[in-house]
Amino acid sequence: MVLTLVPLPSSVTADSGTFALSPATRIVIVDGADAAASALSDLLAQRAGLRPEVTSDAPVRGDIVVRATGASDEAYRLEVGERVELIGSPAGLFYGIQTLRQLLREDAGAWSIPRVSIFDAPRFAYRGVMLDVARTFFDVATVKAFIDRASSLKFNHLHLHLTDDQGWRLHIDSRPLLTEKASGTSVLGRPGGFYTKDDFREIIAYAAARHMVVVPEIDLPGHTHAIGLAYPEIVEVPVMNDMLLAQSESLGQPLPVAGEPYQGWGVGHSSVRIREESTWEFLRDVLREVAEITPGPYLHVGGDECLGTPQADFDAFVERITALTAEVGKTPVAWHEAGSAVVAEGTVGQFWGSDIPTDEHAEHARRFADRGGSVILSPSTRAYLDMKYTPEFPLGLSWAAVIDLETAYSWEPDTIVPGLDPSAVLGVEGPLWAETLETLDDIDQLFFPRAAALAEIAWSPASAKDWNSFRERVGALGEVWDGEGWGGHRPAEIDWSTP
Ligand code: ACM
């Protein structure tokens, strides 16, 4: 029998037989595992139509026991036999419940769990996904739905790309014109929008309850055309680079015009005025406010695709913005280009080059480690969730690669950047850029099943990675995702019939 688990646990032994669920099944809380008991109860209600009694009585045969260890790691142990025992830290219990979500089986109306013995803990500390809410604005409900999906695959960081040329999506009290004047549109005439601080706190709390840390990104110094709709005095006029001109022509998209909303998706034309002190007053206010409402340790300050910015200005900017981020109490994160500069000590780099990097990209990525930081691997040819599955796929782009499921699965984070010590790899992240996305269903189409491939890279031991095993396991998850009402693409590489 195939245990339909993705990501594959560190250690799993299947026994014969099943644990039968019934209306008499109880959930027994031991040592304060209340949150996990409630999450498990919700899962059983939603998937199996059961609402088990939750109790602190002594456990008996047929019970599901959830036991909190009080540890602060992400590990759990799950034993399914005459009863079910789930033991772990708060995060570990949550991940154990996600494992149970994948193990639950229905046969002729009867629900059961195969007998297994699992010990599980993640490979990487940082397991991220990114949602671009700037190119297309997604409301709070959609972001929560995205968190549901990602956390079910044991991702633990949600990077929100909050600002770009097309819109500014987070209210800043000291700079109210950002959301008043620069949030109203998305790409191609789609509706805009923004999060109030209460909205943002709601997203953070929802993510935290699912053991995901929100990483806000204010993309700087480029990708800042929208700021000019609100505060024109701190942005440069658009630079018409060759890539932008070619892209606008081939897509039939308009070119950026200073002071007007930009609804195309060309890149590299915008920058804040790096040498103006009023720019730095603005940036100090923005970063301070974002840091104040962000409980997580990270604040992403962008740094990508500043195609019209002189190198010396860019480097000076990066040096100062990473120092400012540290000053407001956060660990800076920046796209790998920022490695050209002397980043603040401990800055985390996010590598988004090819899985066979240019010497320059690799050198930039290594610089973060040289400065006492670490690197998140998001090779755009493997981990970008917005690339098409096939050249004909209706959603997504293909500038980095066409990424089928096997391509998304078959790479190793430790060896992407030559000369980067594996101990400096903080983890991996799958960015989902939103140029071609309008709805949650569109998000699902690009997310499932490739996010499952990335989740296995992020979580499972490198030695366990096996495409044929993954193919078999992920095929059975189509039914689980359908059961949750999560859509997704079902590429022909996989047999999606239930084993
Ligand atoms: C990026 O894809 N511009 C980070």
# chains A, B, ... in the order shown; residues from 1 in each chain; ligands from 1
>>> residues_near_ligand(ligand="ligand 1", cutoff="8 Å", atoms="only C-alpha atoms and all ligand atoms", output="PyMOL selection string")
chain A and resi 302+304-305+335+352+380+431+433
>>> residues_around(residues="Thr390 in chain A", least_positions_apart="5", cutoff="8 Å", atoms="only C-alpha atoms", output="ChimeraX atom specification")
/A:402-404
>>> atom_distance(atom1="CA of Pro9 in chain A", atom2="CA of Pro90 in chain A")
17.4 Å
>>> closest_residue(among="A:Tyr95, A:Tyr206, A:Trp111, A:Tyr126", to="Val140 in chain A", atoms="only C-alpha atoms")
A:Tyr206
>>> closest_residue(among="A:Val129, A:Ala37, A:Leu307, A:Ile321", to="Ile97 in chain A", atoms="only C-alpha atoms")
A:Ala37
>>> residues_around(residues="Pro422 in chain A", least_positions_apart="2", cutoff="12 Å", atoms="only C-alpha atoms", output="PyMOL selection string")
chain A and resi 123-124+366+369+374-377+412-420+424-427
>>> residues_around(residues="Ala434 in chain A", least_positions_apart="5", cutoff="9 Å", atoms="only C-alpha atoms", output="PyMOL selection string")
chain A and resi 131-137+187+386+396+443
>>> write_last_selection(atoms="all heavy atoms", output="PDB file, in the first residue's frame")
ATOM      1  N   LEU A 131       3.344  35.203  -2.338  1.00  0.00           N
ATOM      2  CA  LEU A 131       2.198  35.620  -3.143  1.00  0.00           C
ATOM      3  C   LEU A 131       2.389  37.084  -3.525  1.00  0.00           C
ATOM      4  O   LEU A 131       2.649  37.934  -2.658  1.00  0.00           O
ATOM      5  CB  LEU A 131       0.894  35.418  -2.357  1.00  0.00           C
ATOM      6  CG  LEU A 131      -0.390  35.683  -3.142  1.00  0.00           C
ATOM      7  CD1 LEU A 131      -0.536  34.725  -4.330  1.00  0.00           C
ATOM      8  CD2 LEU A 131      -1.624  35.555  -2.233  1.00  0.00           C
ATOM      9  N   ASP A 132       2.263  37.335  -4.821  1.00  0.00           N
ATOM     10  CA  ASP A 132       2.390  38.693  -5.365  1.00  0.00           C
ATOM     11  C   ASP A 132       0.995  39.324  -5.333  1.00  0.00           C
ATOM     12  O   ASP A 132       0.140  39.007  -6.156  1.00  0.00           O
ATOM     13  CB  ASP A 132       2.933  38.573  -6.791  1.00  0.00           C
ATOM     14  CG  ASP A 132       2.894  39.870  -7.579  1.00  0.00           C
ATOM     15  OD1 ASP A 132       2.689  40.940  -6.975  1.00  0.00           O
ATOM     16  OD2 ASP A 132       3.082  39.798  -8.814  1.00  0.00           O
ATOM     17  N   VAL A 133       0.786  40.201  -4.361  1.00  0.00           N
ATOM     18  CA  VAL A 133      -0.515  40.881  -4.250  1.00  0.00           C
ATOM     19  C   VAL A 133      -0.429  42.282  -4.843  1.00  0.00           C
ATOM     20  O   VAL A 133      -1.386  43.056  -4.756  1.00  0.00           O
ATOM     21  CB  VAL A 133      -0.994  40.942  -2.784  1.00  0.00           C
ATOM     22  CG1 VAL A 133      -1.251  39.549  -2.246  1.00  0.00           C
ATOM     23  CG2 VAL A 133      -0.009  41.689  -1.888  1.00  0.00           C
ATOM     24  N   ALA A 134       0.727  42.596  -5.456  1.00  0.00           N
ATOM     25  CA  ALA A 134       0.922  43.921  -6.041  1.00  0.00           C
ATOM     26  C   ALA A 134       0.476  43.950  -7.501  1.00  0.00           C
ATOM     27  O   ALA A 134      -0.248  44.857  -7.914  1.00  0.00           O
ATOM     28  CB  ALA A 134       2.384  44.335  -5.919  1.00  0.00           C
ATOM     29  N   ARG A 135       0.911  42.959  -8.294  1.00  0.00           N
ATOM     30  CA  ARG A 135       0.506  42.948  -9.717  1.00  0.00           C
ATOM     31  C   ARG A 135      -0.995  42.717  -9.817  1.00  0.00           C
ATOM     32  O   ARG A 135      -1.681  43.319 -10.633  1.00  0.00           O
ATOM     33  CB  ARG A 135       1.247  41.851 -10.468  1.00  0.00           C
ATOM     34  CG  ARG A 135       2.523  42.282 -11.136  1.00  0.00           C
ATOM     35  CD  ARG A 135       3.449  43.029 -10.179  1.00  0.00           C
ATOM     36  NE  ARG A 135       4.761  43.255 -10.747  1.00  0.00           N
ATOM     37  CZ  ARG A 135       5.767  42.367 -10.675  1.00  0.00           C
ATOM     38  NH1 ARG A 135       5.610  41.232 -10.032  1.00  0.00           N
ATOM     39  NH2 ARG A 135       6.919  42.650 -11.226  1.00  0.00           N
ATOM     40  N   THR A 136      -1.511  41.789  -9.002  1.00  0.00           N
ATOM     41  CA  THR A 136      -2.956  41.600  -8.871  1.00  0.00           C
ATOM     42  C   THR A 136      -3.256  41.602  -7.381  1.00  0.00           C
ATOM     43  O   THR A 136      -2.620  40.862  -6.624  1.00  0.00           O
ATOM     44  CB  THR A 136      -3.408  40.261  -9.484  1.00  0.00           C
ATOM     45  OG1 THR A 136      -3.067  40.249 -10.873  1.00  0.00           O
ATOM     46  CG2 THR A 136      -4.910  40.069  -9.337  1.00  0.00           C
ATOM     47  N   PHE A 137      -4.198  42.419  -6.976  1.00  0.00           N
ATOM     48  CA  PHE A 137      -4.541  42.455  -5.553  1.00  0.00           C
ATOM     49  C   PHE A 137      -5.453  41.280  -5.216  1.00  0.00           C
ATOM     50  O   PHE A 137      -6.438  41.028  -5.903  1.00  0.00           O
ATOM     51  CB  PHE A 137      -5.247  43.774  -5.200  1.00  0.00           C
ATOM     52  CG  PHE A 137      -5.650  43.813  -3.754  1.00  0.00           C
ATOM     53  CD1 PHE A 137      -4.684  43.927  -2.767  1.00  0.00           C
ATOM     54  CD2 PHE A 137      -6.983  43.688  -3.379  1.00  0.00           C
ATOM     55  CE1 PHE A 137      -5.039  43.923  -1.424  1.00  0.00           C
ATOM     56  CE2 PHE A 137      -7.344  43.685  -2.038  1.00  0.00           C
ATOM     57  CZ  PHE A 137      -6.371  43.807  -1.069  1.00  0.00           C
ATOM     58  N   VAL A 187      -2.623  44.970 -12.694  1.00  0.00           N
ATOM     59  CA  VAL A 187      -2.247  44.882 -14.109  1.00  0.00           C
ATOM     60  C   VAL A 187      -3.480  44.741 -14.989  1.00  0.00           C
ATOM     61  O   VAL A 187      -4.519  44.220 -14.565  1.00  0.00           O
ATOM     62  CB  VAL A 187      -1.298  43.687 -14.420  1.00  0.00           C
ATOM     63  CG1 VAL A 187       0.090  43.926 -13.870  1.00  0.00           C
ATOM     64  CG2 VAL A 187      -1.869  42.388 -13.966  1.00  0.00           C
ATOM     65  N   ASP A 386       4.985  30.510 -10.823  1.00  0.00           N
ATOM     66  CA  ASP A 386       4.176  31.181 -11.849  1.00  0.00           C
ATOM     67  C   ASP A 386       4.629  30.836 -13.267  1.00  0.00           C
ATOM     68  O   ASP A 386       4.067  31.381 -14.222  1.00  0.00           O
ATOM     69  CB  ASP A 386       4.222  32.694 -11.671  1.00  0.00           C
ATOM     70  CG  ASP A 386       5.627  33.244 -11.835  1.00  0.00           C
ATOM     71  OD1 ASP A 386       6.543  32.716 -11.175  1.00  0.00           O
ATOM     72  OD2 ASP A 386       5.806  34.189 -12.614  1.00  0.00           O
ATOM     73  N   GLY A 396       0.221  31.776 -16.406  1.00  0.00           N
ATOM     74  CA  GLY A 396       1.638  31.818 -16.087  1.00  0.00           C
ATOM     75  C   GLY A 396       2.467  32.428 -17.204  1.00  0.00           C
ATOM     76  O   GLY A 396       1.970  32.746 -18.289  1.00  0.00           O
ATOM     77  N   ILE A 443      -4.775  30.753  -8.923  1.00  0.00           N
ATOM     78  CA  ILE A 443      -3.683  30.484  -7.977  1.00  0.00           C
ATOM     79  C   ILE A 443      -3.520  28.972  -7.819  1.00  0.00           C
ATOM     80  O   ILE A 443      -2.419  28.424  -7.918  1.00  0.00           O
ATOM     81  CB  ILE A 443      -3.971  31.146  -6.611  1.00  0.00           C
ATOM     82  CG1 ILE A 443      -3.865  32.673  -6.714  1.00  0.00           C
ATOM     83  CG2 ILE A 443      -3.034  30.614  -5.522  1.00  0.00           C
ATOM     84  CD1 ILE A 443      -4.273  33.427  -5.451  1.00  0.00           C
TER      85      ILE A 443
END
>>> atom_distance(atom1="CA of Asp57 in chain A", atom2="CA of Ser152 in chain A")
29.0 Å
>>> atom_distance(atom1="CA of Thr55 in chain A", atom2="CA of Ser89 in chain A")
19.4 Å
>>> select_by_dssp(residues="range 136-262 of chain A", states="strand (DSSP E or B)", output="list of chain:residue names")
A:His157, A:Leu158, A:His159, A:Leu160, A:His161, A:Thr163, A:Asp164, A:Gly167, A:Trp168, A:Leu170, A:Thr185, A:Pro191, A:Tyr195, A:Val213, A:Val214, A:Val215, A:Pro216, A:Glu217, A:Ile218, A:Asp219, A:Leu220, A:Val235
>>> closest_atom_pairs(of="range 381-495 of chain A", to="range 188-201 of chain A", cutoff="10 Å", atoms="only C-alpha atoms", output="Markdown table")
| residue | atom | partner | partner_atom | distance |
| --- | --- | --- | --- | --- |
| A:Glu435 | CA | A:Leu188 | CA | 8.7 |
| A:Thr436 | CA | A:Leu188 | CA | 9.3 |
| A:Leu437 | CA | A:Arg190 | CA | 10.0 |
| A:Glu438 | CA | A:Arg190 | CA | 7.9 |
>>> write_last_selection(atoms="all heavy atoms", output="PDB file, in the first residue's frame")
ATOM      1  N   GLU A 435       1.104  38.244 -12.488  1.00  0.00           N
ATOM      2  CA  GLU A 435       0.762  38.987 -13.710  1.00  0.00           C
ATOM      3  C   GLU A 435      -0.430  38.373 -14.443  1.00  0.00           C
ATOM      4  O   GLU A 435      -1.252  39.092 -15.014  1.00  0.00           O
ATOM      5  CB  GLU A 435       1.958  39.011 -14.681  1.00  0.00           C
ATOM      6  CG  GLU A 435       3.106  39.898 -14.268  1.00  0.00           C
ATOM      7  CD  GLU A 435       4.160  39.150 -13.465  1.00  0.00           C
ATOM      8  OE1 GLU A 435       3.823  38.148 -12.788  1.00  0.00           O
ATOM      9  OE2 GLU A 435       5.336  39.564 -13.524  1.00  0.00           O
ATOM     10  N   THR A 436      -0.510  37.035 -14.458  1.00  0.00           N
ATOM     11  CA  THR A 436      -1.554  36.385 -15.261  1.00  0.00           C
ATOM     12  C   THR A 436      -2.698  35.831 -14.398  1.00  0.00           C
ATOM     13  O   THR A 436      -3.548  35.109 -14.917  1.00  0.00           O
ATOM     14  CB  THR A 436      -0.959  35.227 -16.088  1.00  0.00           C
ATOM     15  OG1 THR A 436      -0.523  34.201 -15.176  1.00  0.00           O
ATOM     16  CG2 THR A 436       0.216  35.695 -16.940  1.00  0.00           C
ATOM     17  N   LEU A 437      -2.696  36.155 -13.124  1.00  0.00           N
ATOM     18  CA  LEU A 437      -3.674  35.534 -12.217  1.00  0.00           C
ATOM     19  C   LEU A 437      -4.784  36.503 -11.841  1.00  0.00           C
ATOM     20  O   LEU A 437      -4.529  37.672 -11.579  1.00  0.00           O
ATOM     21  CB  LEU A 437      -2.972  35.074 -10.937  1.00  0.00           C
ATOM     22  CG  LEU A 437      -1.734  34.198 -11.134  1.00  0.00           C
ATOM     23  CD1 LEU A 437      -1.159  33.795  -9.788  1.00  0.00           C
ATOM     24  CD2 LEU A 437      -2.075  32.968 -11.955  1.00  0.00           C
ATOM     25  N   GLU A 438      -6.009  35.979 -11.792  1.00  0.00           N
ATOM     26  CA  GLU A 438      -7.133  36.823 -11.377  1.00  0.00           C
ATOM     27  C   GLU A 438      -7.877  36.269 -10.178  1.00  0.00           C
ATOM     28  O   GLU A 438      -8.453  37.025  -9.415  1.00  0.00           O
ATOM     29  CB  GLU A 438      -8.135  36.948 -12.541  1.00  0.00           C
ATOM     30  CG  GLU A 438      -7.667  37.882 -13.619  1.00  0.00           C
ATOM     31  CD  GLU A 438      -8.772  38.180 -14.614  1.00  0.00           C
ATOM     32  OE1 GLU A 438      -9.638  39.020 -14.317  1.00  0.00           O
ATOM     33  OE2 GLU A 438      -8.762  37.540 -15.686  1.00  0.00           O
TER      34      GLU A 438
END
>>> residues_around(residues="Val215 in chain A", least_positions_apart="3", cutoff="7 Å", atoms="only C-alpha atoms", output="mmCIF file with C-alpha atoms, in the first residue's frame")
data_model
loop_
_atom_site.group_PDB
_atom_site.id
_atom_site.type_symbol
_atom_site.label_atom_id
_atom_site.label_comp_id
_atom_site.auth_asym_id
_atom_site.auth_seq_id
_atom_site.Cartn_x
_atom_site.Cartn_y
_atom_site.Cartn_z
ATOM 1 C CA HIS A 157 6.808 31.287 5.803
ATOM 2 C CA LEU A 158 4.445 33.447 3.739
ATOM 3 C CA HIS A 159 6.300 36.149 1.835
ATOM 4 C CA LEU A 160 3.855 38.857 0.727
ATOM 5 C CA GLY A 296 8.137 37.848 12.492
ATOM 6 C CA TYR A 298 12.144 39.348 8.633
ATOM 7 C CA LEU A 299 11.503 42.407 6.490
ATOM 8 C CA HIS A 300 12.160 41.980 2.760
#
>>> residues_around(residues="Ile118 in chain A", least_positions_apart="3", cutoff="6 Å", atoms="only C-alpha atoms", output="list in words")
Ser11, Val12, Arg77 and Leu78 of chain A
>>> write_last_selection(atoms="N, CA and C atoms", output="PDB file, in the first residue's frame")
ATOM      1  N   SER A  11      10.914   9.551   8.822  1.00  0.00           N
ATOM      2  CA  SER A  11      10.912   8.112   9.052  1.00  0.00           C
ATOM      3  C   SER A  11       9.463   7.644   9.118  1.00  0.00           C
ATOM      4  N   VAL A  12       9.129   6.643   8.311  1.00  0.00           N
ATOM      5  CA  VAL A  12       7.747   6.161   8.287  1.00  0.00           C
ATOM      6  C   VAL A  12       7.737   4.650   8.084  1.00  0.00           C
ATOM      7  N   ARG A  77       5.658  13.022  16.454  1.00  0.00           N
ATOM      8  CA  ARG A  77       5.620  11.573  16.323  1.00  0.00           C
ATOM      9  C   ARG A  77       4.150  11.177  16.195  1.00  0.00           C
ATOM     10  N   LEU A  78       3.863  10.278  15.282  1.00  0.00           N
ATOM     11  CA  LEU A  78       2.481   9.839  15.068  1.00  0.00           C
ATOM     12  C   LEU A  78       2.452   8.320  15.035  1.00  0.00           C
TER      13      LEU A  78
END
>>> select_by_dssp(residues="range 308-499 of chain A", states="helix (DSSP H, G or I)", output="PyMOL selection string")
chain A and resi 311-327+336-340+359-370+405-409+413-415+422-424+440-447+450-459+462-464+467-484
>>> closest_residue(among="A:Asp441, A:Asp466, A:Asp285, A:Asp242", to="Leu395 in chain A", atoms="only C-alpha atoms")
A:Asp441
>>> closest_residue(among="A:Val257, A:Leu21, A:Val348, A:Val301", to="Val286 in chain A", atoms="only C-alpha atoms")
A:Val301
>>> closest_residue(among="A:Asp173, A:Asp139, A:Glu260, A:Glu337", to="Val318 in chain A", atoms="only C-alpha atoms")
A:Glu337
